[in-house]
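*Asks:* Just one file: coords.tsv, with TSV, C-alpha atoms.
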```tsv
chain	number	residue	atom	x	y	z
A	1	MET	CA	0.00	0.00	0.00
A	2	PHE	CA	1.33	3.44	-0.89
A	3	LEU	CA	0.94	5.67	2.15
A	4	LEU	CA	0.04	9.34	1.90
A	5	SER	CA	1.16	11.68	4.66
A	6	PRO	CA	-0.42	14.98	5.76
A	7	ILE	CA	2.00	16.69	3.35
A	8	ASN	CA	0.08	15.45	0.32
A	9	LYS	CA	-3.36	14.74	1.80
A	10	LYS	CA	-3.91	18.47	1.48
A	11	ALA	CA	-2.65	18.52	-2.10
A	12	ASN	CA	-4.90	18.47	-5.12
A	13	ILE	CA	-4.27	14.87	-6.17
A	14	THR	CA	-6.58	13.09	-8.60
A	15	HIS	CA	-6.49	9.61	-10.11
A	16	GLU	CA	-6.74	8.59	-13.74
A	17	ARG	CA	-6.75	5.07	-15.19
A	18	ARG	CA	-5.15	4.51	-18.60
A	19	SER	CA	-4.82	0.99	-20.02
A	20	ASN	CA	-4.90	-0.67	-16.58
A	21	VAL	CA	-2.38	1.84	-15.18
A	22	VAL	CA	-3.54	4.25	-12.48
A	23	TYR	CA	-1.77	7.62	-12.35
A	24	LEU	CA	-1.78	10.03	-9.40
A	25	HIS	CA	-2.26	13.40	-11.05
A	26	MET	CA	-0.89	16.42	-9.24
A	27	GLU	CA	1.09	19.59	-9.77
A	28	PHE	CA	4.79	19.02	-10.41
A	29	SER	CA	5.57	20.87	-7.17
A	30	GLU	CA	3.59	18.17	-5.32
A	31	LEU	CA	5.12	15.29	-7.28
A	32	ILE	CA	8.67	16.24	-6.27
A	33	LYS	CA	7.55	16.22	-2.62
A	34	LEU	CA	6.04	12.76	-3.09
A	35	ARG	CA	9.22	11.18	-4.45
A	36	GLN	CA	11.49	9.92	-1.71
A	37	SER	CA	14.09	7.22	-1.14
A	38	VAL	CA	12.04	4.20	-0.06
A	39	ARG	CA	13.68	1.53	2.07
A	40	LYS	CA	10.65	-0.52	3.08
A	41	TYR	CA	8.55	-2.33	0.46
A	42	SER	CA	5.47	-4.52	0.41
A	43	ASP	CA	5.56	-7.89	-1.33
A	44	ARG	CA	2.98	-6.71	-3.87
A	45	ILE	CA	4.01	-7.47	-7.44
A	46	VAL	CA	4.74	-4.40	-9.58
A	47	GLU	CA	2.68	-4.46	-12.76
A	48	ARG	CA	4.79	-4.68	-15.90
A	49	GLU	CA	2.65	-1.95	-17.49
A	50	LYS	CA	3.82	0.47	-14.81
A	51	ILE	CA	7.46	-0.46	-15.29
A	52	LEU	CA	7.10	0.17	-19.02
A	53	VAL	CA	5.72	3.65	-18.30
A	54	CYS	CA	8.76	4.39	-16.08
A	55	LEU	CA	11.12	3.14	-18.78
A	56	GLU	CA	9.41	5.43	-21.29
A	57	ALA	CA	9.98	8.39	-18.97
A	58	ALA	CA	13.69	7.52	-18.82
A	59	ARG	CA	13.82	7.02	-22.60
A	60	LEU	CA	12.56	10.57	-23.15
A	61	ALA	CA	15.17	12.17	-20.88
A	62	PRO	CA	17.46	14.80	-22.41
A	63	SER	CA	21.12	14.01	-23.04
A	64	ALA	CA	24.15	15.78	-24.50
A	65	ASN	CA	23.86	15.73	-28.31
A	66	ASN	CA	20.99	13.25	-27.86
A	67	SER	CA	23.58	10.61	-27.04
A	68	GLN	CA	21.22	8.59	-24.75
A	69	PRO	CA	24.14	6.70	-23.15
A	70	TRP	CA	22.11	4.34	-20.96
A	71	LYS	CA	20.48	0.94	-20.81
A	72	PHE	CA	18.02	-0.03	-18.08
A	73	ILE	CA	17.93	-3.74	-17.18
A	74	VAL	CA	14.75	-4.64	-15.28
A	75	VAL	CA	15.30	-7.58	-12.92
A	76	ASP	CA	11.98	-9.00	-11.69
A	77	ASP	CA	12.74	-12.71	-11.60
A	78	PRO	CA	12.66	-13.31	-7.80
A	79	GLN	CA	15.77	-15.49	-7.57
A	80	LEU	CA	17.86	-13.28	-9.84
A	81	LYS	CA	16.56	-10.16	-8.12
A	82	ASN	CA	17.73	-11.51	-4.77
A	83	ARG	CA	21.18	-12.15	-6.18
A	84	VAL	CA	21.32	-8.54	-7.40
A	85	ALA	CA	20.13	-7.44	-3.94
A	86	GLU	CA	22.88	-9.54	-2.39
A	87	SER	CA	25.47	-7.65	-4.42
A	88	ALA	CA	24.18	-4.38	-2.91
A	89	ALA	CA	23.81	-5.59	0.67
A	90	SER	CA	27.44	-5.90	1.73
A	91	LEU	CA	28.88	-4.58	5.00
A	92	GLY	CA	25.37	-4.15	6.39
A	93	MET	CA	24.33	-1.75	3.63
A	94	ASN	CA	21.08	-1.81	1.63
A	95	LYS	CA	19.45	-4.84	3.26
A	96	PHE	CA	16.09	-3.40	2.20
A	97	THR	CA	16.86	-4.41	-1.40
A	98	TYR	CA	15.77	-7.96	-0.56
A	99	GLN	CA	12.25	-6.59	0.08
A	100	ALA	CA	11.96	-4.72	-3.22
A	101	PRO	CA	10.24	-6.90	-5.85
A	102	VAL	CA	12.16	-5.23	-8.71
A	103	MET	CA	15.72	-4.04	-9.16
A	104	VAL	CA	16.65	-1.91	-12.16
A	105	VAL	CA	20.31	-1.95	-13.17
A	106	VAL	CA	21.48	1.13	-15.08
A	107	VAL	CA	24.32	0.50	-17.52
A	108	LEU	CA	26.43	3.33	-18.91
A	109	GLU	CA	26.56	2.92	-22.68
A	110	LYS	CA	28.96	4.57	-25.13
A	111	GLU	CA	28.40	8.24	-25.88
A	112	ASN	CA	28.04	9.37	-29.45
A	113	LEU	CA	31.03	11.10	-31.05
A	114	LEU	CA	29.87	14.70	-30.52
A	115	SER	CA	29.15	14.17	-26.84
A	116	SER	CA	32.47	12.40	-26.30
A	117	LEU	CA	34.50	15.07	-28.11
A	118	GLY	CA	32.66	17.90	-26.37
A	119	GLY	CA	33.35	16.31	-23.00
A	120	LYS	CA	37.05	16.00	-23.75
A	121	VAL	CA	37.28	19.62	-24.92
A	122	LYS	CA	35.44	20.95	-21.86
A	123	ASP	CA	36.85	18.40	-19.39
A	124	LYS	CA	33.37	17.20	-18.44
A	125	VAL	CA	31.84	13.73	-18.41
A	126	PHE	CA	28.50	14.50	-20.04
A	127	CYS	CA	27.31	10.89	-20.00
A	128	HIS	CA	27.24	10.84	-16.20
A	129	TYR	CA	24.96	13.87	-16.15
A	130	ASP	CA	22.78	12.24	-18.80
A	131	VAL	CA	22.32	9.06	-16.79
A	132	GLY	CA	21.37	11.12	-13.73
A	133	LEU	CA	18.63	12.87	-15.70
A	134	ALA	CA	17.24	9.58	-17.04
A	135	VAL	CA	17.24	8.00	-13.58
A	136	GLY	CA	15.55	11.08	-12.10
A	137	GLN	CA	12.75	10.93	-14.67
A	138	PHE	CA	12.32	7.21	-14.06
A	139	CYS	CA	11.90	7.79	-10.32
A	140	LEU	CA	9.54	10.75	-10.69
A	141	GLN	CA	7.36	8.74	-13.04
A	142	ALA	CA	7.34	5.87	-10.54
A	143	ALA	CA	6.13	8.27	-7.85
A	144	GLU	CA	3.25	9.43	-10.06
A	145	LEU	CA	2.25	5.78	-10.46
A	146	GLY	CA	2.18	5.22	-6.70
A	147	LEU	CA	5.51	3.37	-6.63
A	148	GLY	CA	8.53	3.85	-4.42
A	149	THR	CA	12.18	3.89	-5.51
A	150	CYS	CA	15.64	4.21	-4.06
A	151	ILE	CA	18.70	5.14	-6.11
A	152	ILE	CA	21.66	3.01	-4.99
A	153	GLY	CA	25.35	3.52	-5.67
A	154	TRP	CA	26.82	0.98	-3.20
A	155	PHE	CA	27.03	-2.48	-4.81
A	156	ASP	CA	29.45	-5.05	-6.20
A	157	GLU	CA	29.67	-3.94	-9.82
A	158	LYS	CA	31.71	-6.94	-10.94
A	159	LYS	CA	29.20	-9.40	-9.49
A	160	ILE	CA	26.26	-7.66	-11.19
A	161	ARG	CA	28.10	-7.73	-14.51
A	162	GLU	CA	28.53	-11.48	-14.17
A	163	LEU	CA	24.92	-12.05	-13.09
A	164	LEU	CA	23.42	-10.12	-16.00
A	165	ASN	CA	26.00	-10.89	-18.68
A	166	ILE	CA	27.10	-7.26	-18.99
A	167	ASN	CA	30.25	-6.56	-20.98
A	168	ARG	CA	33.17	-5.99	-18.60
A	169	LYS	CA	33.96	-2.73	-20.41
A	170	ARG	CA	30.58	-1.28	-19.39
A	171	ARG	CA	30.22	0.61	-16.12
A	172	ILE	CA	27.16	0.35	-13.88
A	173	PRO	CA	26.81	3.73	-12.19
A	174	LEU	CA	23.53	3.08	-10.35
A	175	ILE	CA	20.82	0.58	-9.54
A	176	ILE	CA	17.25	1.42	-8.57
A	177	SER	CA	15.01	-0.52	-6.19
A	178	LEU	CA	11.35	-0.41	-7.21
A	179	GLY	CA	8.14	-1.47	-5.52
A	180	TYR	CA	5.12	-0.44	-3.48
A	181	SER	CA	6.22	1.59	-0.49
A	182	GLU	CA	5.28	0.74	3.07
A	183	GLU	CA	6.85	3.92	4.41
A	184	PRO	CA	4.91	7.07	5.24
A	185	LEU	CA	5.97	10.18	3.39
A	186	LYS	CA	8.67	12.04	5.29
A	187	ALA	CA	9.35	15.75	5.29
A	188	LYS	CA	12.43	16.50	3.20
A	189	LYS	CA	15.50	17.92	4.94
A	190	ARG	CA	17.21	20.23	2.48
A	191	LYS	CA	19.41	23.31	2.58
A	192	PRO	CA	17.45	26.58	2.55
A	193	ALA	CA	17.11	28.25	-0.84
A	194	GLY	CA	19.42	31.09	0.17
A	195	GLU	CA	22.20	28.60	0.90
A	196	MET	CA	21.93	26.59	-2.34
A	197	SER	CA	21.35	29.47	-4.74
A	198	SER	CA	22.23	33.08	-5.42
A	199	TRP	CA	21.44	35.77	-7.99
A	200	ASN	CA	23.94	37.18	-10.48
A	201	VAL	CA	27.07	36.34	-8.44
A	202	TYR	CA	28.48	33.37	-6.51
A	203	LYS	CA	28.09	33.69	-2.74
A	204	ASN	CA	29.51	31.49	0.01
```
Can the structure from this file be put into structure tokens for me?
*Replies:*
Amino acid sequence: MFLLSPINKKANITHERRSNVVYLHMEFSELIKLRQSVRKYSDRIVEREKILVCLEAARLAPSANNSQPWKFIVVDDPQLKNRVAESAASLGMNKFTYQAPVMVVVVLEKENLLSSLGGKVKDKVFCHYDVGLAVGQFCLQAAELGLGTCIIGWFDEKKIRELLNINRKRRIPLIISLGYSEEPLKAKKRKPAGEMSSWNVYKN
């Protein structure tokens, strides 16, 4: 069950069903409050239709020179999913991944030539920014569908490559746990706007 807290009970949230998929419709300002890192999941199966909608949101993400340097591997086979979870749950970290019914492994693919050259000229790794945007859109779309996610960077990359037959030259920057949340919505703790932004000049 996806739990709504007082933060969004007051929000103008409506529901719409499209092709067996129910969307929670709300203002974007409410959606970004709804998305949080979920570390407690129910055992309810995530409908494949919803996963496809999340993948479409990631597919449409912007990227440098439209390079689209990502591949999302959806792991929903229970035994394989637990082996992926095991690779993330070392040293007492990320034990919640065993609860999540789905793990999504994000593979960094080759950039196109323009993106690669531009990155070298400007000393920036554009593909990393691109993957972050795609993952962000995936997670926001999941939230609109009533699903919870957690973006995970701590895992055994070599073990996941072996499990999923990923070329050893490919990096795996992130994995995403996905499922129905059993956590109430928590208030976000963030820096105040005046600390994380300024106008017309950099300020400490």
*Asks:* Pick from A:Pro101, A:Gly146, A:Pro184, A:Pro69: nearest to A:Ser42, with only C-alpha atoms counted?
*Replies:*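 Among the listed residues, the smallest separation from A:Ser42 belongs to A:Pro101.
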*Asks:* Quick check, in Å to one decimal: how far apart do atom CA of A:Gln99 and atom CA of A:Gly148 lie?
*Replies:*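 It comes out at 12.0 Å.
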*Asks:* So which residues touch stretch 60-66 of chain A within 9 Å, counting all atoms listed in the file, skipping near sequence neighbours fewer than 6 positions away, as a ChimeraX atom specification?
*Replies:* /A:111-115,118,126-127,129-131,133-138
*Asks:* Kindly give the distance, in Å, that separates atom CA of A:Arg44 and atom CA of A:Lys186, rounded to a single decimal.
*Replies:* 21.6 Å
*Asks:* Kindly provide the residues of stretch 86-121 of chain A that approach stretch 150-160 of chain A to within 12 Å, each paired with its closest atom pair and their distance in Å to one decimal, based on only C-alpha atoms, listed by chain and increasing number, as a tab-separated table.
*Replies:*
```
residue	atom	partner	partner_atom	distance
A:Glu86	CA	A:Phe155	CA	8.5
A:Ser87	CA	A:Asp156	CA	5.1
A:Ala88	CA	A:Phe155	CA	3.9
A:Ala89	CA	A:Phe155	CA	7.1
A:Ser90	CA	A:Phe155	CA	7.4
A:Leu91	CA	A:Trp154	CA	10.1
A:Gly92	CA	A:Trp154	CA	11.0
A:Met93	CA	A:Trp154	CA	7.8
A:Asn94	CA	A:Trp154	CA	8.0
A:Lys95	CA	A:Phe155	CA	11.3
A:Phe96	CA	A:Cys150	CA	9.9
A:Thr97	CA	A:Cys150	CA	9.1
A:Ala100	CA	A:Cys150	CA	9.7
A:Val102	CA	A:Cys150	CA	11.1
A:Met103	CA	A:Cys150	CA	9.7
A:Val104	CA	A:Ile151	CA	9.5
A:Val105	CA	A:Ile160	CA	8.5
A:Val106	CA	A:Ile151	CA	10.2
A:Val107	CA	A:Glu157	CA	10.4
```
*Asks:* Using only C-alpha atoms for the distances, tell me which of A:Tyr23, A:Tyr41, A:Phe72, A:Phe28 is nearest to A:Ile176.
*Replies:*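 Of all the options, A:Phe72 lies closest to A:Ile176.
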*Asks:* Mind pulling up the distance from atom CA of A:Ser37 to atom CA of A:Lys188?
*Replies:*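 Interatomic distance here is 10.4 Å.
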*Asks:* I want to know what sits within 10 Å of A:Glu144, based on all atoms listed in the file, with residues of the same chain fewer than 4 positions away left out; could you give that as a list in words?
*Replies:*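 The contact residues come out as His15, Val22, Tyr23, Leu24, His25, Met26, Phe28, Glu30, Leu31, Ile32, Leu34, Arg35, Cys54, Cys139, Leu140 and Gly148 of chain A.
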*Asks:* Closest to A:Leu80 among A:Leu164, A:Val53, A:Ile172, A:Leu178, using all atoms listed in the file?
*Replies:*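 Of A:Leu164, A:Val53, A:Ile172, A:Leu178, the one nearest A:Leu80 is A:Leu164, counting all atoms listed in the file.
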*Asks:* As AutoDock Vina command-line options, please report the centre and edge lengths, rounded to one decimal in Å, of the axis-aligned box that holds all listed atoms of stretch 145-160 of chain A with 8 Å of padding on each of the six sides.
*Replies:*
```
--center_x 16.9 --center_y -1.8 --center_z -7.2 --size_x 45.5 --size_y 31.2 --size_z 24.0
```
*Asks:* With distances taken over all atoms listed in the file, which residue among A:Ala142, A:Ala85, A:Ala187, A:Leu108 lies nearest A:Leu52?
*Replies:*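 With all atoms listed in the file as the atom set, the closest residue is A:Ala142.
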*Asks:* Near A:Glu195, counting only C-alpha atoms, which residues have an atom at most 10 Å away, once you skip same-chain residues fewer than 5 positions from it, shown as a ChimeraX atom specification?
*Replies:* /A:190,203-204
*Asks:* Which residue gives the smallest distance to A:Lys50 among A:Ala143, A:Val201, A:Val125, A:Val21, with only C-alpha atoms counted?
*Replies:*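 Of all the options, A:Val21 lies closest to A:Lys50.
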*Asks:* Just checking: using all atoms listed in the file, which residue out of A:Glu109, A:Trp199, A:Gly179, A:Arg48 ends up closest to A:Asn167?
*Replies:*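 Closest to A:Asn167 of all the choices is A:Glu109.
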*Asks:* Stretch 108-119 of chain A from the block above, N, CA and C atoms, as a compact mmCIF listing (two decimals), in the first residue's frame, please?
*Replies:*
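Once everything was written out, this is part-v1.txt:
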```
# COMPACT_ATOMS: atom_id res chain seq x y z
N LEU A 108 25.93 2.18 -18.16
CA LEU A 108 26.43 3.33 -18.91
C LEU A 108 26.89 2.86 -20.28
N GLU A 109 26.22 3.30 -21.32
CA GLU A 109 26.56 2.92 -22.68
C GLU A 109 27.51 3.95 -23.29
N LYS A 110 28.04 3.66 -24.46
CA LYS A 110 28.96 4.57 -25.13
C LYS A 110 28.24 5.85 -25.56
N GLU A 111 28.91 6.97 -25.38
CA GLU A 111 28.40 8.24 -25.88
C GLU A 111 28.55 8.28 -27.41
N ASN A 112 27.77 9.17 -28.03
CA ASN A 112 28.04 9.37 -29.45
C ASN A 112 29.27 10.28 -29.59
N LEU A 113 29.75 10.43 -30.81
CA LEU A 113 31.03 11.10 -31.05
C LEU A 113 31.01 12.55 -30.59
N LEU A 114 29.93 13.29 -30.89
CA LEU A 114 29.87 14.70 -30.52
C LEU A 114 29.90 14.89 -29.01
N SER A 115 29.16 14.06 -28.29
CA SER A 115 29.15 14.17 -26.84
C SER A 115 30.51 13.84 -26.26
N SER A 116 31.15 12.80 -26.79
CA SER A 116 32.47 12.40 -26.30
C SER A 116 33.51 13.48 -26.56
N LEU A 117 33.53 14.03 -27.77
CA LEU A 117 34.50 15.07 -28.11
C LEU A 117 34.26 16.33 -27.29
N GLY A 118 32.98 16.71 -27.15
CA GLY A 118 32.66 17.90 -26.37
C GLY A 118 33.10 17.75 -24.92
N GLY A 119 32.93 16.55 -24.37
CA GLY A 119 33.35 16.31 -23.00
C GLY A 119 34.85 16.42 -22.83
```
